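Chemist: Supplied structure: model15.json, JSON, C-alpha atoms.
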```json
[["chain", "number", "residue", "atom", "x", "y", "z"],
["V", 25, "MET", "CA", 82.40, -40.39, -17.69],
["V", 26, "ASP", "CA", 80.46, -37.10, -17.57],
["V", 27, "TRP", "CA", 82.07, -33.66, -17.68],
["V", 28, "HIS", "CA", 80.20, -30.64, -16.33],
["V", 29, "ALA", "CA", 81.27, -27.03, -16.73],
["V", 30, "LEU", "CA", 80.92, -24.85, -13.63],
["V", 31, "GLY", "CA", 81.97, -21.46, -14.92],
["V", 32, "GLU", "CA", 85.57, -21.89, -16.08],
["V", 33, "VAL", "CA", 86.13, -25.04, -14.03],
["V", 34, "ASN", "CA", 85.20, -28.52, -15.28],
["V", 35, "TYR", "CA", 84.07, -31.28, -12.96],
["V", 36, "ARG", "CA", 83.47, -34.91, -13.77],
["V", 37, "LYS", "CA", 81.77, -37.86, -12.11],
["V", 38, "TRP", "CA", 82.13, -41.43, -13.18],
["V", 39, "HIS", "CA", 81.15, -44.93, -12.12],
["V", 40, "ILE", "CA", 84.07, -46.66, -10.40],
["V", 41, "HIS", "CA", 82.62, -50.01, -9.30],
["V", 42, "GLU", "CA", 79.53, -51.68, -7.92],
["V", 43, "MET", "CA", 79.20, -51.87, -4.14],
["V", 44, "THR", "CA", 79.25, -55.46, -2.90],
["V", 45, "TRP", "CA", 76.84, -54.86, -0.04],
["V", 46, "HIS", "CA", 73.19, -55.95, -0.08],
["V", 47, "ILE", "CA", 71.52, -53.57, 2.34],
["V", 48, "ASP", "CA", 68.44, -51.39, 2.40],
["V", 49, "LEU", "CA", 69.84, -47.88, 2.54],
["V", 50, "SER", "CA", 66.43, -46.50, 3.51],
["V", 51, "ASP", "CA", 67.08, -47.90, 7.00],
["V", 52, "ILE", "CA", 70.28, -45.84, 7.30],
["V", 53, "TYR", "CA", 69.96, -42.34, 8.72],
["V", 54, "VAL", "CA", 73.63, -41.39, 9.27],
["V", 55, "ALA", "CA", 76.57, -42.23, 7.00],
["V", 56, "ARG", "CA", 80.18, -41.11, 7.45],
["V", 57, "GLY", "CA", 83.12, -41.87, 5.19],
["V", 58, "ALA", "CA", 86.72, -41.77, 6.39],
["V", 59, "PRO", "CA", 89.07, -39.48, 4.45],
["V", 60, "ALA", "CA", 91.03, -40.59, 1.37],
["V", 61, "GLY", "CA", 88.61, -43.34, 0.36],
["V", 62, "GLY", "CA", 88.68, -45.06, 3.73],
["V", 63, "PRO", "CA", 85.94, -47.15, 5.37],
["V", 64, "LEU", "CA", 82.28, -46.17, 5.63],
["V", 65, "ALA", "CA", 80.28, -46.09, 8.86],
["V", 66, "LEU", "CA", 76.49, -46.49, 8.58],
["V", 67, "ALA", "CA", 74.12, -46.04, 11.51],
["V", 68, "GLY", "CA", 70.65, -47.54, 11.31],
["V", 69, "GLY", "CA", 67.78, -48.70, 13.45],
["V", 70, "ASP", "CA", 65.33, -46.85, 15.65],
["V", 71, "GLN", "CA", 66.61, -43.83, 17.56],
["V", 72, "ALA", "CA", 63.94, -44.48, 20.17],
["V", 73, "GLY", "CA", 64.82, -48.18, 20.32],
["V", 74, "GLY", "CA", 68.28, -49.41, 19.41],
["V", 75, "ILE", "CA", 71.10, -48.10, 17.25],
["V", 76, "LYS", "CA", 73.30, -50.38, 15.15],
["V", 77, "VAL", "CA", 76.47, -49.20, 13.47],
["V", 78, "PHE", "CA", 78.02, -51.04, 10.55],
["V", 79, "ILE", "CA", 81.54, -50.48, 9.18],
["V", 80, "TYR", "CA", 82.11, -51.26, 5.50],
["V", 81, "SER", "CA", 85.09, -50.96, 3.22],
["V", 82, "SER", "CA", 84.79, -48.37, 0.43],
["V", 83, "SER", "CA", 83.79, -51.21, -1.91],
["V", 84, "GLY", "CA", 80.95, -52.39, 0.37],
["V", 85, "GLU", "CA", 82.57, -55.30, 2.21],
["V", 86, "LEU", "CA", 81.32, -55.62, 5.79],
["V", 87, "LEU", "CA", 84.21, -55.12, 8.20],
["V", 88, "ALA", "CA", 82.40, -54.91, 11.53],
["V", 89, "THR", "CA", 79.08, -54.59, 13.31],
["V", 90, "ILE", "CA", 79.12, -52.56, 16.51],
["V", 91, "PRO", "CA", 76.76, -53.90, 19.19],
["V", 92, "GLU", "CA", 73.37, -52.22, 19.51],
["V", 93, "ARG", "CA", 73.03, -49.39, 22.00],
["V", 94, "HIS", "CA", 69.75, -48.06, 23.36],
["V", 95, "ASN", "CA", 70.65, -44.39, 23.41],
["V", 96, "ARG", "CA", 70.12, -41.66, 20.85],
["V", 97, "LEU", "CA", 73.16, -41.14, 18.64],
["V", 98, "LEU", "CA", 74.27, -37.50, 18.70],
["V", 99, "CYS", "CA", 77.45, -37.59, 16.62],
["V", 100, "MET", "CA", 79.49, -39.97, 14.45],
["V", 101, "GLY", "CA", 82.81, -39.25, 12.76],
["V", 102, "TRP", "CA", 86.25, -40.56, 11.84],
["V", 103, "THR", "CA", 89.48, -39.44, 13.51],
["V", 104, "GLU", "CA", 92.93, -38.91, 11.97],
["V", 105, "LYS", "CA", 93.95, -42.40, 13.10],
["V", 106, "GLU", "CA", 90.90, -43.84, 11.33],
["V", 107, "ASN", "CA", 89.07, -44.61, 14.54],
["V", 108, "LEU", "CA", 85.31, -44.18, 14.67],
["V", 109, "LEU", "CA", 83.86, -41.79, 17.26],
["V", 110, "LEU", "CA", 80.29, -42.32, 18.50],
["V", 111, "VAL", "CA", 78.71, -39.89, 20.96],
["V", 112, "PHE", "CA", 75.38, -40.81, 22.55],
["V", 113, "GLU", "CA", 72.76, -38.78, 24.39],
["V", 114, "ALA", "CA", 74.10, -39.61, 27.85],
["V", 115, "GLY", "CA", 77.28, -37.75, 26.95],
["V", 116, "THR", "CA", 79.37, -40.91, 26.66],
["V", 117, "ALA", "CA", 81.79, -41.17, 23.74],
["V", 118, "PHE", "CA", 82.89, -44.53, 22.34],
["V", 119, "VAL", "CA", 85.94, -44.92, 20.10],
["V", 120, "HIS", "CA", 86.18, -48.02, 17.86],
["V", 121, "ASP", "CA", 88.80, -49.17, 15.37],
["V", 122, "VAL", "CA", 87.92, -50.15, 11.78],
["V", 123, "LEU", "CA", 87.20, -53.72, 12.89],
["V", 124, "GLY", "CA", 84.70, -52.55, 15.48],
["V", 125, "ASN", "CA", 86.90, -53.21, 18.50],
["V", 126, "LEU", "CA", 86.30, -50.80, 21.37],
["V", 127, "VAL", "CA", 89.44, -48.71, 21.82],
["V", 128, "GLN", "CA", 88.22, -46.52, 24.70],
["V", 129, "THR", "CA", 85.36, -44.54, 26.17],
["V", 130, "PHE", "CA", 85.21, -41.13, 27.83],
["V", 131, "LEU", "CA", 82.62, -38.70, 29.12],
["V", 132, "LEU", "CA", 82.13, -35.67, 26.89],
["V", 133, "LEU", "CA", 79.39, -34.32, 29.17],
["V", 134, "ALA", "CA", 78.91, -34.77, 32.88],
["V", 135, "PRO", "CA", 75.81, -36.95, 33.45],
["V", 136, "THR", "CA", 72.71, -34.88, 34.25],
["V", 137, "PRO", "CA", 68.95, -35.50, 34.05],
["V", 138, "CYS", "CA", 67.41, -35.08, 30.58],
["V", 139, "GLN", "CA", 70.86, -34.95, 29.00],
["V", 140, "ASN", "CA", 69.34, -35.82, 25.60],
["V", 141, "LYS", "CA", 67.59, -32.43, 25.64],
["V", 142, "ASP", "CA", 70.65, -30.59, 26.89],
["V", 143, "VAL", "CA", 72.85, -30.90, 23.78],
["V", 144, "VAL", "CA", 71.75, -28.37, 21.17],
["V", 145, "GLU", "CA", 74.68, -28.59, 18.72],
["V", 146, "ILE", "CA", 77.53, -31.07, 18.31],
["V", 147, "CYS", "CA", 80.30, -31.42, 15.76],
["V", 148, "SER", "CA", 83.41, -33.54, 15.26],
["V", 149, "LEU", "CA", 86.42, -32.94, 13.03],
["V", 150, "GLY", "CA", 89.33, -35.32, 13.02],
["V", 151, "SER", "CA", 90.42, -35.88, 16.61],
["V", 152, "THR", "CA", 88.37, -32.97, 18.00],
["V", 153, "VAL", "CA", 84.74, -32.97, 19.11],
["V", 154, "ALA", "CA", 82.71, -30.06, 20.51],
["V", 155, "ALA", "CA", 79.25, -30.15, 22.09],
["V", 156, "LEU", "CA", 77.17, -27.11, 22.98],
["V", 157, "THR", "CA", 74.54, -27.41, 25.73],
["V", 158, "SER", "CA", 71.34, -25.46, 26.28],
["V", 159, "HIS", "CA", 73.17, -23.72, 29.14],
["V", 160, "ALA", "CA", 75.49, -22.18, 26.49],
["V", 161, "SER", "CA", 78.55, -24.08, 27.73],
["V", 162, "LEU", "CA", 80.88, -25.69, 25.21],
["V", 163, "HIS", "CA", 82.50, -29.05, 25.97],
["V", 164, "VAL", "CA", 85.59, -29.75, 23.86],
["V", 165, "CYS", "CA", 87.94, -32.71, 23.50],
["V", 166, "GLU", "CA", 90.98, -32.24, 21.23],
["V", 167, "ASP", "CA", 92.68, -35.62, 21.67],
["V", 168, "ILE", "CA", 90.12, -38.32, 20.91],
["V", 169, "ASP", "CA", 92.92, -40.61, 19.73],
["V", 170, "GLY", "CA", 94.98, -39.97, 22.87],
["V", 171, "VAL", "CA", 95.58, -42.48, 25.64],
["V", 172, "SER", "CA", 93.36, -40.54, 28.04],
["V", 173, "PRO", "CA", 91.24, -37.93, 26.24],
["V", 174, "GLU", "CA", 90.74, -34.74, 28.23],
["V", 175, "VAL", "CA", 87.60, -32.62, 28.04],
["V", 176, "TYR", "CA", 87.49, -28.93, 28.91],
["V", 177, "THR", "CA", 84.57, -26.50, 29.12],
["V", 178, "LEU", "CA", 84.36, -23.05, 27.56],
["V", 179, "SER", "CA", 81.94, -20.21, 28.18],
["V", 180, "THR", "CA", 80.39, -19.02, 24.92],
["V", 181, "GLY", "CA", 78.75, -15.80, 26.09],
["V", 182, "LEU", "CA", 75.72, -16.54, 23.92],
["V", 183, "PRO", "CA", 72.79, -14.28, 24.84],
["V", 184, "ILE", "CA", 69.52, -15.95, 25.79],
["V", 185, "ALA", "CA", 67.77, -14.06, 23.01],
["V", 186, "ALA", "CA", 70.20, -15.41, 20.39],
["V", 187, "PRO", "CA", 70.67, -19.16, 20.86],
["V", 188, "ALA", "CA", 72.95, -21.26, 18.67],
["V", 189, "THR", "CA", 71.78, -22.33, 15.21],
["V", 190, "SER", "CA", 74.90, -24.13, 13.92],
["V", 191, "LEU", "CA", 78.42, -25.12, 14.93],
["V", 192, "VAL", "CA", 81.71, -25.98, 13.23],
["V", 193, "ILE", "CA", 85.32, -26.57, 14.34],
["V", 194, "LEU", "CA", 88.34, -24.71, 12.91],
["V", 195, "ARG", "CA", 91.65, -26.57, 13.18],
["V", 196, "PRO", "CA", 94.55, -24.88, 15.03],
["V", 197, "CYS", "CA", 96.69, -24.89, 11.86],
["V", 198, "PHE", "CA", 94.18, -22.46, 10.30],
["V", 199, "THR", "CA", 93.82, -20.04, 13.22],
["V", 200, "ALA", "CA", 95.95, -16.98, 13.96],
["V", 201, "SER", "CA", 96.20, -18.01, 17.63],
["V", 202, "GLY", "CA", 97.22, -21.61, 16.92],
["V", 203, "LEU", "CA", 94.30, -22.75, 19.10],
["V", 204, "VAL", "CA", 91.23, -24.81, 18.29],
["V", 205, "GLU", "CA", 88.38, -22.43, 17.53],
["V", 206, "VAL", "CA", 84.68, -23.27, 17.53],
["V", 207, "LEU", "CA", 82.44, -21.15, 15.29],
["V", 208, "ILE", "CA", 78.85, -20.84, 16.47],
["V", 209, "GLY", "CA", 76.05, -19.43, 14.31],
["V", 210, "THR", "CA", 73.42, -17.53, 16.31],
["V", 211, "ALA", "CA", 69.74, -16.70, 15.93],
["V", 212, "ASP", "CA", 70.53, -12.98, 15.58],
["V", 213, "SER", "CA", 72.42, -13.59, 12.29],
["V", 214, "SER", "CA", 75.92, -13.45, 13.72],
["V", 215, "ILE", "CA", 78.75, -15.90, 14.39],
["V", 216, "PHE", "CA", 80.66, -16.28, 17.65],
["V", 217, "VAL", "CA", 84.28, -17.47, 17.59],
["V", 218, "VAL", "CA", 85.14, -19.30, 20.82],
["V", 219, "ASP", "CA", 88.50, -20.56, 22.09],
["V", 220, "ILE", "CA", 90.17, -20.91, 25.49],
["V", 221, "ASN", "CA", 90.65, -17.13, 25.61],
["V", 222, "GLY", "CA", 86.89, -16.55, 25.46],
["V", 223, "PRO", "CA", 84.17, -15.72, 22.92],
["V", 224, "ASP", "CA", 84.28, -13.07, 20.19],
["V", 225, "ASP", "CA", 81.06, -11.92, 18.51],
["V", 226, "GLN", "CA", 81.78, -11.12, 14.84],
["V", 227, "ARG", "CA", 78.62, -8.96, 14.56],
["V", 228, "LEU", "CA", 77.78, -10.05, 11.03],
["V", 229, "GLN", "CA", 74.22, -8.69, 10.83],
["V", 230, "ASP", "CA", 75.19, -6.30, 8.00],
["V", 231, "CYS", "CA", 76.91, -9.13, 6.11],
["V", 232, "ILE", "CA", 74.52, -12.04, 6.66],
["V", 233, "GLN", "CA", 70.82, -11.25, 6.58],
["V", 234, "ALA", "CA", 69.44, -14.36, 8.35],
["V", 235, "PRO", "CA", 70.55, -16.92, 10.96],
["V", 236, "VAL", "CA", 73.20, -19.36, 9.74],
["V", 237, "ILE", "CA", 71.73, -22.85, 10.11],
["V", 238, "SER", "CA", 74.55, -24.85, 8.49],
["V", 239, "MET", "CA", 78.29, -24.20, 8.06],
["V", 240, "ALA", "CA", 81.17, -25.90, 6.23],
["V", 241, "LEU", "CA", 84.87, -24.97, 6.19],
["V", 242, "ALA", "CA", 86.96, -25.07, 3.03],
["V", 243, "PRO", "CA", 89.81, -27.63, 3.06],
["V", 244, "ASN", "CA", 92.37, -24.80, 3.18],
["V", 245, "GLY", "CA", 90.64, -23.23, 6.20],
["V", 246, "ARG", "CA", 90.40, -19.84, 4.47],
["V", 247, "PHE", "CA", 86.68, -19.75, 3.68],
["V", 248, "LEU", "CA", 83.45, -20.59, 5.46],
["V", 249, "ALA", "CA", 80.28, -21.59, 3.64],
["V", 250, "CYS", "CA", 77.15, -20.43, 5.49],
["V", 251, "PHE", "CA", 73.61, -21.55, 4.64],
["V", 252, "THR", "CA", 71.00, -19.23, 6.10],
["V", 253, "ALA", "CA", 67.39, -19.68, 7.17],
["V", 254, "GLN", "CA", 66.33, -17.70, 4.07],
["V", 255, "GLY", "CA", 67.93, -20.23, 1.73],
["V", 256, "THR", "CA", 70.98, -18.12, 0.88],
["V", 257, "LEU", "CA", 74.43, -19.65, 0.56],
["V", 258, "SER", "CA", 77.02, -17.07, 1.69],
["V", 259, "VAL", "CA", 80.77, -17.66, 1.57],
["V", 260, "VAL", "CA", 82.96, -15.50, 3.81],
["V", 261, "SER", "CA", 86.61, -15.57, 4.79],
["V", 262, "THR", "CA", 87.36, -17.17, 8.16],
["V", 263, "SER", "CA", 88.79, -13.82, 9.23],
["V", 264, "PHE", "CA", 85.25, -12.45, 8.56],
["V", 265, "THR", "CA", 86.68, -9.49, 6.64],
["V", 266, "THR", "CA", 85.57, -10.53, 3.14],
["V", 267, "LYS", "CA", 82.41, -11.91, 1.60],
["V", 268, "VAL", "CA", 83.03, -13.95, -1.54],
["V", 269, "LEU", "CA", 79.53, -15.03, -2.52],
["V", 270, "ASP", "CA", 75.80, -14.68, -1.93],
["V", 271, "PHE", "CA", 73.76, -17.30, -3.79],
["V", 272, "ASP", "CA", 69.97, -17.72, -3.52],
["V", 273, "THR", "CA", 69.21, -21.45, -3.59],
["V", 274, "SER", "CA", 65.43, -20.79, -3.56],
["V", 275, "ASN", "CA", 65.20, -23.54, -0.93],
["V", 276, "PRO", "CA", 64.95, -22.38, 2.71],
["V", 277, "SER", "CA", 64.99, -25.93, 4.10],
["V", 278, "LYS", "CA", 68.26, -26.91, 5.74],
["V", 279, "PRO", "CA", 70.38, -29.20, 3.52],
["V", 280, "LEU", "CA", 71.00, -32.67, 4.89],
["V", 281, "GLU", "CA", 74.69, -32.10, 4.29],
["V", 282, "MET", "CA", 76.92, -29.33, 3.00],
["V", 283, "GLU", "CA", 80.54, -29.94, 2.01],
["V", 284, "TRP", "CA", 83.26, -28.38, -0.11],
["V", 285, "CYS", "CA", 84.23, -30.05, -3.38],
["V", 286, "GLY", "CA", 87.90, -29.12, -3.54],
["V", 287, "GLU", "CA", 88.42, -25.44, -2.75],
["V", 288, "ASP", "CA", 86.36, -23.90, -5.55],
["V", 289, "SER", "CA", 82.80, -25.09, -5.01],
["V", 290, "VAL", "CA", 80.27, -26.02, -2.35],
["V", 291, "LEU", "CA", 78.06, -29.10, -2.62],
["V", 292, "LEU", "CA", 74.65, -29.09, -0.90],
["V", 293, "HIS", "CA", 72.63, -32.28, -0.45],
["V", 294, "TRP", "CA", 68.86, -32.48, -0.16],
["V", 295, "ASN", "CA", 66.75, -35.66, -0.32],
["V", 296, "SER", "CA", 66.59, -36.11, -4.09],
["V", 297, "PHE", "CA", 69.21, -33.80, -5.53],
["V", 298, "LEU", "CA", 72.66, -32.29, -5.17],
["V", 299, "LEU", "CA", 73.41, -28.62, -5.83],
["V", 300, "MET", "CA", 76.96, -27.54, -6.69],
["V", 301, "VAL", "CA", 77.72, -23.81, -6.44],
["V", 302, "GLY", "CA", 80.89, -22.23, -7.78],
["V", 303, "PRO", "CA", 82.79, -19.13, -6.60],
["V", 304, "TYR", "CA", 81.08, -16.78, -9.06],
["V", 305, "GLY", "CA", 77.53, -18.03, -8.63],
["V", 306, "HIS", "CA", 77.62, -20.65, -11.36],
["V", 307, "TRP", "CA", 75.74, -23.77, -10.37],
["V", 308, "LEU", "CA", 74.96, -27.36, -11.33],
["V", 309, "LYS", "CA", 72.01, -29.43, -10.16],
["V", 310, "PHE", "CA", 72.03, -33.24, -10.14],
["V", 311, "VAL", "CA", 68.57, -34.79, -9.71],
["V", 312, "TYR", "CA", 68.16, -38.41, -8.64],
["V", 313, "ASN", "CA", 65.14, -40.71, -8.88],
["V", 314, "ALA", "CA", 65.54, -41.95, -5.31],
["V", 315, "ASP", "CA", 66.54, -40.30, -2.04],
["V", 316, "LEU", "CA", 70.29, -40.04, -1.54]]
```
Mind converting the file's structure to structure tokens?
Modeler:
Amino acid sequence: MDWHALGEVNYRKWHIHEMTWHIDLSDIYVARGAPAGGPLALAGGDQAGGIKVFIYSSSGELLATIPERHNRLLCMGWTEKENLLLVFEAGTAFVHDVLGNLVQTFLLLAPTPCQNKDVVEICSLGSTVAALTSHASLHVCEDIDGVSPEVYTLSTGLPIAAPATSLVILRPCFTASGLVEVLIGTADSSIFVVDINGPDDQRLQDCIQAPVISMALAPNGRFLACFTAQGTLSVVSTSFTTKVLDFDTSNPSKPLEMEWCGEDSVLLHWNSFLLMVGPYGHWLKFVYNADL
């Protein structure tokens, strides 16, 4: 067991058990774990050819193999009912249970020519999924686990000169309006907040000096971690009234993943290392011999 001090907070990581699987992880390009130590979904194969999705237990036991599909995978995530959502380039969403059984399908996007080029940003969180098209329209479904999921479309008001650079969903329990809000980073270094009442440009150019290319919400919904095109990690309140942190990572490349570790630190993942950043700019770097 290893303890690591991050400012005044101590973190530890330890080996729990060996995974029972025997797979080549280099063939996997998307991995999603269900909350609270639930099952793992791994997507592998050739995006141009066929996509296979495997569901494993958290110890590496194969639970299901989802039949191969010959469409580009746009989004994969777990819902509150521990169903697996898969959204493909044609705009079709498939919902499977943990044993791979197909629960239902629905259309997130109306079928149009060249649909694979039309989706510019997509994000899922629990039972909500949002997809932004190149026409600046936002397609949202809030009840993936429902009997008949309904999709509605929102206008984002994004200017042509400032297209979207990132997207994240804010749960209704964390919003003042009690509505689902979608936060959209823009090329002019701002963030739009969009709900059914319309878009609201936060005009953050004086607060954030470069376009936000990746975002992650704290578990308590109070703070938003923003990674910019200049390699700066900024943490702001979700009311956009307070900036908590500016941290220069010295790495302008977009992290493969960015998540909160509890409510006090942000974890950024690049190919061969993890970077943990605390609330006062303290940091820890974990280097690995192989790609993660």
Chemist: May I have a table of the residues of range 218-271 of chain V lying at most 12 Å from range 158-162 of chain V, giving each one's closest pair of atoms and their distance in Å to one decimal, counting only C-alpha atoms, ordered by chain and ascending residue number, as JSON lines?
Modeler:
```
{"residue": "V:Val218", "atom": "CA", "partner": "V:Leu162", "partner_atom": "CA", "distance": 8.8}
{"residue": "V:Asp219", "atom": "CA", "partner": "V:Leu162", "partner_atom": "CA", "distance": 9.7}
{"residue": "V:Ile220", "atom": "CA", "partner": "V:Leu162", "partner_atom": "CA", "distance": 10.5}
{"residue": "V:Gly222", "atom": "CA", "partner": "V:Leu162", "partner_atom": "CA", "distance": 10.9}
{"residue": "V:Pro223", "atom": "CA", "partner": "V:Leu162", "partner_atom": "CA", "distance": 10.7}
```
Chemist: Could you jot down the CA of Leu299 in chain V to CA of Thr273 in chain V separation for me, Å, one decimal place?
Modeler: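 Separation of CA of Leu299 in chain V and CA of Thr273 in chain V: 8.6 Å.
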Chemist: Quick one: everything within 6 Å of range 186-194 of chain V, counting only C-alpha atoms, minus sequence neighbours fewer than 6 positions away in the same chain. Send it as a ChimeraX atom specification.
Modeler: /V:205-212,237-238
Chemist: His120 in chain V: which residues within 8 Å, counting all atoms listed in the file, same-chain residues fewer than 5 positions away excluded, as a list in words?
Modeler: Asn107, Leu108, Leu109, Asn125, Leu126, Val127 and Gln128 of chain V
Chemist: In Å, with one decimal, what is the gap from CA of Leu308 in chain V to CA of Ala60 in chain V?
Modeler: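 Separating CA of Leu308 in chain V from CA of Ala60 in chain V is a distance of 24.4 Å.
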Chemist: Could you work out how far CA of Met300 in chain V lies from CA of Ala29 in chain V, giving the answer in Å with one decimal?
Modeler: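 About the pair CA of Ala29 in chain V and CA of Met300 in chain V: they are 10.9 Å apart.
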Chemist: Write out as a list in words each polymer residue whose atoms come within 10 Å of Val33 in chain V, counting all atoms listed in the file; drop sequence neighbours fewer than 2 positions from it.
Modeler: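 Here the qualifying residues turn out to be His28, Ala29, Leu30, Gly31, Tyr35, Asp288, Ser289, Gly302 and His306 of chain V.
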